[in-house]
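The structure appears right after this line, and notes come after that.
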Amino acid sequence: MHMKNVFLIEKSPDVFRAVKAYLEESDIQYVKFSSLDEALQAEEAPALIILFTTDSYEDIKHDIDALINNVAFSRIPRILLLPFNTSVSESKIRDLDIHIQALFQIPVEKLKFLTSVAHLLIRAPRRVFRILITLQPEGGNIRYSGTSIDFSESGMAFESSADFQPGDLIQVQFVNPRNRKRFLLKASVIRRVVAGSTIFYGIKFIEMNEQNEKELLDFITGENKA
């Protein structure tokens, strides 16, 4: 079992349908369990535990105690998912366990959830998001169009009919549809894959200043303010 596995512990069927989709979009491996006892029987501990709780403080305390008292699992970071309109306060849950890294209520907010997961797995936050982008080779006047695939703090993937080569320097423009913030970022092409008439690219952002980095991270994590 790979140490990057995430353990999803759900006590009722299909609770994690959306959460599973979020993880799969980000290529995060997970293993599903129907109870905490079943998960604790695994041969190797995961990198992260995501536990869906009931709306009972006693049940939550029982599960947390079981994790704390298990040598293999006691120091594994965990995310707790609480039921919709739970009556159990966040402060009471955090008092139970210092290894709870994040708490979310159903329905889970996708971007904040994935940012927490990425942080706990020591991965750069990544946003899967398809929008139109404009591409311009450095020193050139011709502009090309493309469609984004995903964004990270260090770069992005997109598809386009433009013919770039690894090592080419380009400028990428796109607009955050949430607040109409326009980005103009310089990048280096690091990957090129041809699939029929479409070319898929991976690029790395370069010469980023502090403001660029902050605004891009806000865009990726969904923290943008209108």
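Letters A, B, ... mark the chains of the structure tokens in the order given; residue numbers begin at 1 per chain; ligand numbers begin at 1, in order shown.
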
Test item: residues at most 10 Å from Ser87 of chain A, only C-alpha atoms, excluding those fewer than 4 positions along its chain, as a PyMOL selection string: chain A and resi 55-57+82-83

Restrict the selected residues to N, CA and C atoms and save them as a PDB file, in the first residue's frame.
ATOM      1  N   ASP A  55     -23.682  12.860  13.736  1.00  0.00           N
ATOM      2  CA  ASP A  55     -24.013  14.078  14.478  1.00  0.00           C
ATOM      3  C   ASP A  55     -24.105  13.774  15.975  1.00  0.00           C
ATOM      4  N   SER A  56     -23.105  13.050  16.463  1.00  0.00           N
ATOM      5  CA  SER A  56     -23.092  12.662  17.877  1.00  0.00           C
ATOM      6  C   SER A  56     -21.706  12.911  18.447  1.00  0.00           C
ATOM      7  N   TYR A  57     -21.642  13.752  19.455  1.00  0.00           N
ATOM      8  CA  TYR A  57     -20.353  14.025  20.092  1.00  0.00           C
ATOM      9  C   TYR A  57     -19.745  12.755  20.656  1.00  0.00           C
ATOM     10  N   LEU A  82     -18.268  16.723   8.729  1.00  0.00           N
ATOM     11  CA  LEU A  82     -19.424  16.729   9.620  1.00  0.00           C
ATOM     12  C   LEU A  82     -20.715  16.752   8.811  1.00  0.00           C
ATOM     13  N   PRO A  83     -21.781  16.182   9.359  1.00  0.00           N
ATOM     14  CA  PRO A  83     -23.060  16.197   8.641  1.00  0.00           C
ATOM     15  C   PRO A  83     -23.576  17.611   8.426  1.00  0.00           C
TER      16      PRO A  83
END

Residue contacts of Ile50 of chain A (6 Å, only C-alpha atoms) excluding same-chain residues fewer than 3 positions away, as number ranges by chain: A: 8, 78-80

Output C-alpha atoms for every residue in that selection, as a tab-separated table (two decimals), in the first residue's frame.
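Saved to out23.tsv:
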chain	number	residue	atom	x	y	z
A	8	LEU	CA	-11.84	7.49	3.30
A	78	ARG	CA	-6.98	13.73	9.71
A	79	ILE	CA	-9.80	15.67	8.13
A	80	LEU	CA	-13.26	15.33	9.64

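Of the listed residues A:Ala18, A:Leu185, A:Leu216, A:Leu120, the one whose atoms come nearest to Glu138 of chain A is A:Leu185, with distances taken using only C-alpha atoms.
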
Residues near Ala102 of chain A, cut-off 12 Å, only C-alpha atoms, skip fewer than 5 positions along chain, as a PyMOL selection string: chain A and resi 48-51+77-82+90-91+93-94+97+108+112-117+119-120

Non-local contacts of Pro166 of chain A (8 Å; only C-alpha atoms; under 3 positions in same chain excluded) as a list in words: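 Once the adjacent positions are removed, what remains is Ser188, Val189, Ile190, Arg191 and Arg192 of chain A.
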
Filtered DSSP result for segment 6-46 of chain A, state helix (DSSP H, G or I), as a PyMOL selection string: chain A and resi 17-25+36-40

Pick from A:Val128, A:Phe219, A:Phe174, A:Asn70 nearest to Ala21 of chain A, counting only C-alpha atoms: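 Of A:Val128, A:Phe219, A:Phe174, A:Asn70, the one nearest Ala21 of chain A is A:Val128, counting only C-alpha atoms.
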